[in-house]
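Have a look at run.pdb below; it lists PDB, C-alpha atoms.
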ATOM      1  CA  MET A   1      92.168  84.537 211.232  1.00  0.00           C
ATOM      2  CA  LYS A   2      89.980  84.100 214.286  1.00  0.00           C
ATOM      3  CA  GLY A   3      90.529  86.213 217.400  1.00  0.00           C
ATOM      4  CA  SER A   4      91.764  84.562 220.589  1.00  0.00           C
ATOM      5  CA  THR A   5      89.180  83.509 223.163  1.00  0.00           C
ATOM      6  CA  PHE A   6      91.283  85.300 225.797  1.00  0.00           C
ATOM      7  CA  ALA A   7      91.725  89.026 226.418  1.00  0.00           C
ATOM      8  CA  ARG A   8      95.247  90.323 225.861  1.00  0.00           C
ATOM      9  CA  SER A   9      95.969  90.736 229.559  1.00  0.00           C
ATOM     10  CA  GLN A  10      94.713  87.199 230.172  1.00  0.00           C
ATOM     11  CA  ARG A  11      96.972  85.851 227.450  1.00  0.00           C
ATOM     12  CA  GLY A  12      99.880  87.735 228.999  1.00  0.00           C
ATOM     13  CA  ALA A  13      99.258  86.051 232.346  1.00  0.00           C
ATOM     14  CA  ILE A  14      98.883  82.614 230.762  1.00  0.00           C
ATOM     15  CA  VAL A  15     102.066  82.939 228.731  1.00  0.00           C
ATOM     16  CA  LEU A  16     103.869  84.087 231.891  1.00  0.00           C
ATOM     17  CA  GLY A  17     102.724  80.886 233.594  1.00  0.00           C
ATOM     18  CA  ILE A  18     103.955  78.829 230.653  1.00  0.00           C
ATOM     19  CA  LEU A  19     107.233  80.765 230.738  1.00  0.00           C
ATOM     20  CA  CYS A  20     107.713  79.842 234.420  1.00  0.00           C
ATOM     21  CA  ILE A  21     107.143  76.142 233.753  1.00  0.00           C
ATOM     22  CA  VAL A  22     109.383  76.065 230.673  1.00  0.00           C
ATOM     23  CA  GLY A  23     112.065  78.130 232.461  1.00  0.00           C
ATOM     24  CA  THR A  24     112.071  75.741 235.427  1.00  0.00           C
ATOM     25  CA  LEU A  25     112.459  72.744 233.113  1.00  0.00           C
ATOM     26  CA  VAL A  26     115.293  74.445 231.221  1.00  0.00           C
ATOM     27  CA  VAL A  27     117.141  75.253 234.459  1.00  0.00           C
ATOM     28  CA  PHE A  28     116.722  71.609 235.482  1.00  0.00           C
ATOM     29  CA  GLN A  29     118.155  70.556 232.105  1.00  0.00           C
ATOM     30  CA  LEU A  30     121.120  72.881 232.608  1.00  0.00           C
ATOM     31  CA  TRP A  31     121.805  71.333 236.006  1.00  0.00           C
ATOM     32  CA  LEU A  32     121.413  67.861 234.483  1.00  0.00           C
ATOM     33  CA  LEU A  33     123.904  68.656 231.720  1.00  0.00           C
ATOM     34  CA  THR A  34     126.557  70.047 234.065  1.00  0.00           C
ATOM     35  CA  ALA A  35     126.123  67.167 236.535  1.00  0.00           C
ATOM     36  CA  THR A  36     126.354  64.608 233.719  1.00  0.00           C
ATOM     37  CA  MET A  37     129.467  66.233 232.276  1.00  0.00           C
ATOM     38  CA  GLU A  38     131.056  66.313 235.722  1.00  0.00           C
ATOM     39  CA  ALA A  39     130.236  62.634 236.300  1.00  0.00           C
ATOM     40  CA  TYR A  40     131.463  61.627 232.839  1.00  0.00           C
ATOM     41  CA  LEU A  41     134.758  63.458 233.239  1.00  0.00           C
ATOM     42  CA  GLY A  42     135.108  61.813 236.642  1.00  0.00           C
ATOM     43  CA  GLY A  43     134.882  58.392 234.966  1.00  0.00           C
ATOM     44  CA  ASN A  44     131.251  57.569 235.802  1.00  0.00           C
ATOM     45  CA  ASP A  45     129.559  56.548 232.547  1.00  0.00           C
ATOM     46  CA  ASP A  46     126.520  54.911 234.149  1.00  0.00           C
ATOM     47  CA  ILE A  47     124.657  58.174 234.589  1.00  0.00           C
ATOM     48  CA  VAL A  48     124.977  59.304 230.965  1.00  0.00           C
ATOM     49  CA  ILE A  49     121.987  57.465 229.419  1.00  0.00           C
ATOM     50  CA  PRO A  50     119.448  58.073 232.248  1.00  0.00           C
ATOM     51  CA  ALA A  51     120.401  61.761 232.341  1.00  0.00           C
ATOM     52  CA  ALA A  52     119.952  62.047 228.570  1.00  0.00           C
ATOM     53  CA  LEU A  53     116.534  60.375 228.828  1.00  0.00           C
ATOM     54  CA  ALA A  54     115.496  62.787 231.570  1.00  0.00           C
ATOM     55  CA  SER A  55     116.665  65.704 229.450  1.00  0.00           C
ATOM     56  CA  VAL A  56     114.733  64.415 226.429  1.00  0.00           C
ATOM     57  CA  GLY A  57     111.669  64.071 228.678  1.00  0.00           C
ATOM     58  CA  CYS A  58     111.994  67.703 229.747  1.00  0.00           C
ATOM     59  CA  PHE A  59     112.363  68.801 226.143  1.00  0.00           C
ATOM     60  CA  LEU A  60     109.273  66.848 225.070  1.00  0.00           C
ATOM     61  CA  LEU A  61     107.335  68.444 227.900  1.00  0.00           C
ATOM     62  CA  ASN A  62     108.533  71.878 226.805  1.00  0.00           C
ATOM     63  CA  PHE A  63     107.763  71.135 223.195  1.00  0.00           C
ATOM     64  CA  GLY A  64     104.289  69.899 224.094  1.00  0.00           C
ATOM     65  CA  ILE A  65     103.527  72.988 226.145  1.00  0.00           C
ATOM     66  CA  LEU A  66     104.803  75.311 223.425  1.00  0.00           C
ATOM     67  CA  HIS A  67     103.175  73.425 220.574  1.00  0.00           C
ATOM     68  CA  PHE A  68      99.723  72.879 222.025  1.00  0.00           C
ATOM     69  CA  TYR A  69      99.159  75.741 224.446  1.00  0.00           C
ATOM     70  CA  MET A  70     100.973  78.558 222.675  1.00  0.00           C
ATOM     71  CA  ARG A  71      99.282  77.788 219.408  1.00  0.00           C
ATOM     72  CA  ARG A  72      95.899  77.863 221.096  1.00  0.00           C
ATOM     73  CA  LEU A  73      96.734  81.240 222.574  1.00  0.00           C
ATOM     74  CA  ASP A  74      97.771  82.600 219.185  1.00  0.00           C
ATOM     75  CA  ARG A  75      94.568  81.494 217.505  1.00  0.00           C
TER      76      ARG A  75
ATOM     77  CA  MET B   1      83.284  84.684 221.259  1.00  0.00           C
ATOM     78  CA  ARG B   2      86.142  86.998 222.078  1.00  0.00           C
ATOM     79  CA  PRO B   3      85.491  89.031 225.259  1.00  0.00           C
ATOM     80  CA  HIS B   4      85.577  92.799 225.240  1.00  0.00           C
ATOM     81  CA  ASP B   5      89.213  93.873 225.622  1.00  0.00           C
ATOM     82  CA  GLU B   6      89.696  97.273 227.236  1.00  0.00           C
ATOM     83  CA  GLU B   7      93.377  97.244 226.357  1.00  0.00           C
ATOM     84  CA  ASN B   8      92.593  97.002 222.683  1.00  0.00           C
ATOM     85  CA  VAL B   9      93.064 100.768 222.244  1.00  0.00           C
ATOM     86  CA  SER B  10      95.003 101.127 219.037  1.00  0.00           C
ATOM     87  CA  ALA B  11      93.668 100.508 215.566  1.00  0.00           C
ATOM     88  CA  ALA B  12      95.655  99.558 212.489  1.00  0.00           C
ATOM     89  CA  PRO B  13      95.862 102.190 209.689  1.00  0.00           C
ATOM     90  CA  ASP B  14      93.694 100.118 207.388  1.00  0.00           C
ATOM     91  CA  GLY B  15      90.997  99.827 210.065  1.00  0.00           C
ATOM     92  CA  ALA B  16      90.828  96.034 209.760  1.00  0.00           C
ATOM     93  CA  PRO B  17      90.517  93.969 212.981  1.00  0.00           C
ATOM     94  CA  PRO B  18      93.773  92.701 214.582  1.00  0.00           C
ATOM     95  CA  GLY B  19      93.176  89.131 213.427  1.00  0.00           C
ATOM     96  CA  GLU B  20      93.136  90.242 209.796  1.00  0.00           C
ATOM     97  CA  GLN B  21      96.354  92.237 209.933  1.00  0.00           C
ATOM     98  CA  PRO B  22      99.462  91.053 208.082  1.00  0.00           C
ATOM     99  CA  HIS B  23     101.857  88.806 209.989  1.00  0.00           C
ATOM    100  CA  TRP B  24     104.544  91.477 210.513  1.00  0.00           C
ATOM    101  CA  ARG B  25     102.075  93.917 212.039  1.00  0.00           C
ATOM    102  CA  ARG B  26     100.843  91.294 214.485  1.00  0.00           C
ATOM    103  CA  GLN B  27     104.447  90.586 215.514  1.00  0.00           C
ATOM    104  CA  PHE B  28     105.165  94.260 216.308  1.00  0.00           C
ATOM    105  CA  PRO B  29     102.073  95.479 218.172  1.00  0.00           C
ATOM    106  CA  ILE B  30     101.549  98.981 219.529  1.00  0.00           C
ATOM    107  CA  ASP B  31      99.431  98.152 222.593  1.00  0.00           C
ATOM    108  CA  VAL B  32     101.364  97.479 225.789  1.00  0.00           C
ATOM    109  CA  ALA B  33      99.514  94.319 226.792  1.00  0.00           C
ATOM    110  CA  GLU B  34      99.889  92.819 223.326  1.00  0.00           C
ATOM    111  CA  ASP B  35     103.555  93.791 223.183  1.00  0.00           C
ATOM    112  CA  GLU B  36     104.178  92.127 226.576  1.00  0.00           C
ATOM    113  CA  TYR B  37     102.392  89.019 225.388  1.00  0.00           C
ATOM    114  CA  ARG B  38     104.482  88.855 222.217  1.00  0.00           C
ATOM    115  CA  SER B  39     107.801  89.369 223.976  1.00  0.00           C
ATOM    116  CA  ARG B  40     106.997  86.767 226.667  1.00  0.00           C
ATOM    117  CA  ARG B  41     105.846  84.341 223.999  1.00  0.00           C
ATOM    118  CA  ASP B  42     109.010  84.808 221.936  1.00  0.00           C
ATOM    119  CA  PHE B  43     111.220  84.417 225.013  1.00  0.00           C
ATOM    120  CA  THR B  44     109.387  81.210 225.898  1.00  0.00           C
ATOM    121  CA  LYS B  45     110.015  79.920 222.379  1.00  0.00           C
ATOM    122  CA  LEU B  46     113.696  80.788 222.762  1.00  0.00           C
ATOM    123  CA  LEU B  47     113.745  78.760 225.986  1.00  0.00           C
ATOM    124  CA  GLY B  48     112.269  75.878 223.993  1.00  0.00           C
ATOM    125  CA  LEU B  49     115.238  76.056 221.634  1.00  0.00           C
ATOM    126  CA  THR B  50     117.596  76.244 224.620  1.00  0.00           C
ATOM    127  CA  SER B  51     115.965  73.065 225.900  1.00  0.00           C
ATOM    128  CA  LEU B  52     116.739  71.393 222.561  1.00  0.00           C
ATOM    129  CA  ALA B  53     120.356  72.613 222.797  1.00  0.00           C
ATOM    130  CA  PHE B  54     120.705  70.941 226.216  1.00  0.00           C
ATOM    131  CA  VAL B  55     119.381  67.682 224.761  1.00  0.00           C
ATOM    132  CA  SER B  56     122.044  68.010 222.027  1.00  0.00           C
ATOM    133  CA  GLY B  57     124.654  68.466 224.770  1.00  0.00           C
ATOM    134  CA  GLN B  58     123.513  65.236 226.410  1.00  0.00           C
ATOM    135  CA  GLY B  59     123.742  63.539 223.005  1.00  0.00           C
ATOM    136  CA  PHE B  60     127.299  64.794 222.639  1.00  0.00           C
ATOM    137  CA  ILE B  61     128.244  63.263 226.002  1.00  0.00           C
ATOM    138  CA  ILE B  62     126.690  59.929 224.969  1.00  0.00           C
ATOM    139  CA  ALA B  63     128.632  60.044 221.675  1.00  0.00           C
ATOM    140  CA  GLN B  64     131.869  60.717 223.568  1.00  0.00           C
ATOM    141  CA  SER B  65     131.139  57.857 225.955  1.00  0.00           C
ATOM    142  CA  ILE B  66     130.421  55.414 223.108  1.00  0.00           C
ATOM    143  CA  THR B  67     133.557  56.515 221.215  1.00  0.00           C
ATOM    144  CA  LYS B  68     135.657  55.993 224.337  1.00  0.00           C
ATOM    145  CA  LYS B  69     134.229  52.491 224.888  1.00  0.00           C
ATOM    146  CA  SER B  70     134.658  51.489 221.235  1.00  0.00           C
ATOM    147  CA  GLU B  71     138.352  52.324 221.349  1.00  0.00           C
ATOM    148  CA  GLY B  72     138.890  49.186 223.424  1.00  0.00           C
ATOM    149  CA  PRO B  73     141.611  48.701 226.024  1.00  0.00           C
ATOM    150  CA  LEU B  74     144.281  51.363 226.264  1.00  0.00           C
ATOM    151  CA  PRO B  75     147.755  50.584 224.966  1.00  0.00           C
ATOM    152  CA  GLU B  76     150.686  49.623 227.168  1.00  0.00           C
ATOM    153  CA  ILE B  77     153.425  52.208 226.945  1.00  0.00           C
ATOM    154  CA  ASP B  78     156.961  52.070 228.299  1.00  0.00           C
ATOM    155  CA  VAL B  79     157.334  55.124 230.518  1.00  0.00           C
ATOM    156  CA  ALA B  80     160.758  54.892 232.155  1.00  0.00           C
ATOM    157  CA  ALA B  81     163.419  52.614 233.547  1.00  0.00           C
ATOM    158  CA  LEU B  82     163.078  51.709 237.240  1.00  0.00           C
ATOM    159  CA  ASP B  83     166.364  53.386 238.087  1.00  0.00           C
ATOM    160  CA  GLU B  84     165.722  56.426 235.920  1.00  0.00           C
ATOM    161  CA  LEU B  85     164.050  58.413 238.683  1.00  0.00           C
ATOM    162  CA  GLU B  86     165.306  59.003 242.185  1.00  0.00           C
ATOM    163  CA  VAL B  87     162.849  59.180 245.081  1.00  0.00           C
ATOM    164  CA  GLY B  88     160.950  62.457 244.879  1.00  0.00           C
ATOM    165  CA  MET B  89     161.602  62.955 241.180  1.00  0.00           C
ATOM    166  CA  ALA B  90     159.011  63.092 238.426  1.00  0.00           C
ATOM    167  CA  LYS B  91     158.809  62.528 234.714  1.00  0.00           C
ATOM    168  CA  VAL B  92     156.212  63.791 232.235  1.00  0.00           C
ATOM    169  CA  PHE B  93     155.034  61.357 229.585  1.00  0.00           C
ATOM    170  CA  GLN B  94     152.230  61.166 227.048  1.00  0.00           C
ATOM    171  CA  TYR B  95     149.459  58.638 227.694  1.00  0.00           C
ATOM    172  CA  PRO B  96     147.337  57.158 226.184  1.00  0.00           C
ATOM    173  CA  HIS B  97     147.905  59.390 223.157  1.00  0.00           C
ATOM    174  CA  GLU B  98     150.228  62.204 222.175  1.00  0.00           C
ATOM    175  CA  GLY B  99     148.964  65.438 223.722  1.00  0.00           C
ATOM    176  CA  ASN B 100     147.637  63.778 226.902  1.00  0.00           C
ATOM    177  CA  ALA B 101     150.347  64.700 229.356  1.00  0.00           C
ATOM    178  CA  CYS B 102     150.713  62.523 232.446  1.00  0.00           C
ATOM    179  CA  VAL B 103     153.239  62.689 235.228  1.00  0.00           C
ATOM    180  CA  LEU B 104     155.079  59.801 236.862  1.00  0.00           C
ATOM    181  CA  VAL B 105     156.390  60.330 240.403  1.00  0.00           C
ATOM    182  CA  ARG B 106     158.604  58.073 242.471  1.00  0.00           C
ATOM    183  CA  ILE B 107     157.235  58.439 245.988  1.00  0.00           C
ATOM    184  CA  SER B 108     159.474  55.862 247.663  1.00  0.00           C
ATOM    185  CA  GLU B 109     162.054  53.222 246.755  1.00  0.00           C
ATOM    186  CA  ASP B 110     159.358  50.781 245.647  1.00  0.00           C
ATOM    187  CA  ASN B 111     156.390  52.980 244.874  1.00  0.00           C
ATOM    188  CA  PHE B 112     155.572  54.917 241.735  1.00  0.00           C
ATOM    189  CA  VAL B 113     152.377  56.794 240.978  1.00  0.00           C
ATOM    190  CA  ALA B 114     151.218  58.381 237.744  1.00  0.00           C
ATOM    191  CA  TYR B 115     148.334  60.734 237.052  1.00  0.00           C
ATOM    192  CA  GLY B 116     146.999  62.834 234.224  1.00  0.00           C
ATOM    193  CA  GLN B 117     148.685  66.214 234.433  1.00  0.00           C
ATOM    194  CA  LYS B 118     145.630  68.326 233.603  1.00  0.00           C
ATOM    195  CA  CYS B 119     144.001  69.916 236.624  1.00  0.00           C
ATOM    196  CA  THR B 120     140.368  68.802 236.805  1.00  0.00           C
ATOM    197  CA  HIS B 121     139.298  72.399 237.346  1.00  0.00           C
ATOM    198  CA  LEU B 122     140.435  74.199 234.187  1.00  0.00           C
ATOM    199  CA  SER B 123     143.082  71.872 232.726  1.00  0.00           C
ATOM    200  CA  CYS B 124     146.195  73.759 233.839  1.00  0.00           C
ATOM    201  CA  PRO B 125     149.196  71.413 234.219  1.00  0.00           C
ATOM    202  CA  VAL B 126     149.667  70.316 237.824  1.00  0.00           C
ATOM    203  CA  ILE B 127     153.122  70.312 239.378  1.00  0.00           C
ATOM    204  CA  PRO B 128     154.211  67.389 241.569  1.00  0.00           C
ATOM    205  CA  LYS B 129     155.441  68.384 245.027  1.00  0.00           C
ATOM    206  CA  PRO B 130     156.509  65.061 246.548  1.00  0.00           C
ATOM    207  CA  ARG B 131     157.940  66.682 249.678  1.00  0.00           C
ATOM    208  CA  ASP B 132     154.513  68.132 250.485  1.00  0.00           C
ATOM    209  CA  GLY B 133     152.756  64.956 249.364  1.00  0.00           C
ATOM    210  CA  LYS B 134     150.668  66.705 246.754  1.00  0.00           C
ATOM    211  CA  PHE B 135     150.248  67.923 243.215  1.00  0.00           C
ATOM    212  CA  TYR B 136     149.896  71.677 243.010  1.00  0.00           C
ATOM    213  CA  CYS B 137     147.996  73.662 240.407  1.00  0.00           C
ATOM    214  CA  PRO B 138     149.391  77.195 240.231  1.00  0.00           C
ATOM    215  CA  CYS B 139     146.466  78.634 238.263  1.00  0.00           C
ATOM    216  CA  HIS B 140     143.967  78.716 241.145  1.00  0.00           C
ATOM    217  CA  ASN B 141     145.965  77.259 244.042  1.00  0.00           C
ATOM    218  CA  GLY B 142     144.395  73.836 243.724  1.00  0.00           C
ATOM    219  CA  SER B 143     146.113  70.781 245.117  1.00  0.00           C
ATOM    220  CA  PHE B 144     145.697  67.014 244.910  1.00  0.00           C
ATOM    221  CA  ASP B 145     146.871  64.198 247.131  1.00  0.00           C
ATOM    222  CA  LEU B 146     150.020  62.593 245.722  1.00  0.00           C
ATOM    223  CA  HIS B 147     149.004  59.079 246.769  1.00  0.00           C
ATOM    224  CA  THR B 148     145.355  59.039 245.682  1.00  0.00           C
ATOM    225  CA  GLY B 149     144.942  61.947 243.270  1.00  0.00           C
ATOM    226  CA  ARG B 150     141.977  63.251 245.259  1.00  0.00           C
ATOM    227  CA  PRO B 151     141.498  67.026 245.497  1.00  0.00           C
ATOM    228  CA  LEU B 152     142.780  68.537 248.757  1.00  0.00           C
ATOM    229  CA  ALA B 153     142.273  72.263 248.330  1.00  0.00           C
ATOM    230  CA  GLY B 154     141.193  74.915 245.885  1.00  0.00           C
ATOM    231  CA  PRO B 155     138.495  74.772 243.240  1.00  0.00           C
ATOM    232  CA  PRO B 156     139.025  71.229 241.819  1.00  0.00           C
ATOM    233  CA  ARG B 157     136.280  68.783 242.823  1.00  0.00           C
ATOM    234  CA  ARG B 158     137.311  65.694 240.858  1.00  0.00           C
ATOM    235  CA  ALA B 159     140.345  63.486 241.382  1.00  0.00           C
ATOM    236  CA  LEU B 160     143.152  63.406 238.859  1.00  0.00           C
ATOM    237  CA  PRO B 161     142.803  60.430 236.491  1.00  0.00           C
ATOM    238  CA  LYS B 162     145.147  57.732 237.739  1.00  0.00           C
ATOM    239  CA  VAL B 163     147.402  55.878 235.306  1.00  0.00           C
ATOM    240  CA  THR B 164     147.829  52.241 236.268  1.00  0.00           C
ATOM    241  CA  LEU B 165     151.417  51.023 236.176  1.00  0.00           C
ATOM    242  CA  LYS B 166     153.224  47.730 236.142  1.00  0.00           C
ATOM    243  CA  MET B 167     156.894  46.878 236.476  1.00  0.00           C
ATOM    244  CA  ALA B 168     158.450  44.459 234.026  1.00  0.00           C
ATOM    245  CA  ASN B 169     162.062  43.788 233.150  1.00  0.00           C
ATOM    246  CA  GLY B 170     163.268  46.823 235.059  1.00  0.00           C
ATOM    247  CA  ARG B 171     160.855  49.105 233.210  1.00  0.00           C
ATOM    248  CA  ILE B 172     157.758  51.004 234.317  1.00  0.00           C
ATOM    249  CA  ILE B 173     154.879  50.461 231.938  1.00  0.00           C
ATOM    250  CA  ALA B 174     151.608  52.410 231.800  1.00  0.00           C
ATOM    251  CA  THR B 175     148.719  49.985 231.293  1.00  0.00           C
ATOM    252  CA  GLY B 176     145.519  52.007 231.558  1.00  0.00           C
ATOM    253  CA  LEU B 177     143.474  54.669 233.319  1.00  0.00           C
ATOM    254  CA  GLU B 178     141.794  53.878 236.606  1.00  0.00           C
ATOM    255  CA  HIS B 179     139.144  56.613 236.489  1.00  0.00           C
ATOM    256  CA  GLY B 180     138.402  59.792 234.664  1.00  0.00           C
ATOM    257  CA  VAL B 181     139.271  61.217 231.289  1.00  0.00           C
ATOM    258  CA  VAL B 182     142.805  62.492 230.639  1.00  0.00           C
TER     259      VAL B 182
END
For the structure just supplied, provide its representation as structure tokens.
Amino acid sequence: MKGSTFARSQRGAIVLGILCIVGTLVVFQLWLLTATMEAYLGGNDDIVIPAALASVGCFLLNFGILHFYMRRLDR
Amino acid sequence: MRPHDEENVSAAPDGAPPGEQPHWRRQFPIDVAEDEYRSRRDFTKLLGLTSLAFVSGQGFIIAQSITKKSEGPLPEIDVAALDELEVGMAKVFQYPHEGNACVLVRISEDNFVAYGQKCTHLSCPVIPKPRDGKFYCPCHNGSFDLHTGRPLAGPPRRALPKVTLKMANGRIIATGLEHGVV
């Protein structure tokens, strides 16, 4: 296995940055889920699909960040 | 080429470089910087899974919405006779299915209203108080307007689901839900 091109402290800082981005997206998803549930229970179905698409978008972004950047850091 | 790492202070017992260590040893490092990196990385991965769980939650809401739409129009159910309730009296009935308690209130000689009985905060049964013009939830002191079902006080933020009614042949018949989920 090859060593990383970053020093350990550098990797720590980078992963902290990634953590902030992913954390922000997850908090947004949490808000989206609660708002959608509230709207659905209130009888508003129109928001359900767009909210789900936004949530999927956030997940894909998270997955992309984790898949491509984290793997590069681990190399 | 990997830069010189001053925090690379510990050496594995076999003396091999970190990249050649077994997987378990790389997951439980001794050096502080490496340990911080690993724990932050694992937490970030956990957040990734949390993100997937939220997507699943959205999928569940979509499934519920589709199921509700595919059920078609709600049934018409005979609730009470017109002269069964005096002004200011109420009757609990099940609509649209058994287990979905709703409450019918006669607010004047000619006017009846019916709403789902579950408080929109935490589903406690609301109590009609026609003299005060409201439904009262004793769990957290919530109250709803008797005429519109809208929340007046306390923690509820959503209106009570309104049951639409029609009068026919001296009977009061529930015909559907105006908004919300009972």
* Residues of chain A within 7 Å of chain B, counting all atoms listed in the file, as a ChimeraX atom specification -> /A:1-9,11-12,15-16,19,22-23,26,29-30,33,41-43,45,48-49,52,55-56,59,62-63
* Asked: Could you list as a list in words every residue that has an atom within 9 Å of (151.7, 67.8, 241.6), using the file's coordinates and counting only C-alpha atoms?
  -> Val103, Val105, Gln117, Pro125, Val126, Ile127, Pro128, Lys129, Pro130, Gly133, Lys134, Phe135, Tyr136, Cys137, Ser143, Phe144, Asp145 and Leu146 of chain B
Extending 8 Å beyond the listed atoms of stretch 116-124 of chain B on each side, what axis-aligned box results? I want centre and edge lengths in Å to one decimal, as JSON.
{"center_x": 144.0, "center_y": 68.5, "center_z": 235.0, "size_x": 25.4, "size_y": 27.4, "size_z": 20.6}
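Evaluated on this file, the PyMOL selection byres ((chain B and resi 104) around 10) matches B:Val79, B:Ala80, B:Leu85, B:Met89, B:Ala90, B:Lys91, B:Val92, B:Phe93, B:Cys102, B:Val103, B:Val105, B:Arg106, B:Ile107, B:Phe112, B:Val113, B:Ala114, B:Tyr115, B:Gly116, B:Gln117, B:Pro128, B:Val163, B:Leu165, B:Ile172, B:Ala174.
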* Asked: Between atom CA of B:Gly176 and atom CA of B:Leu122, what is the spacing in Å?
  -> 22.9 Å
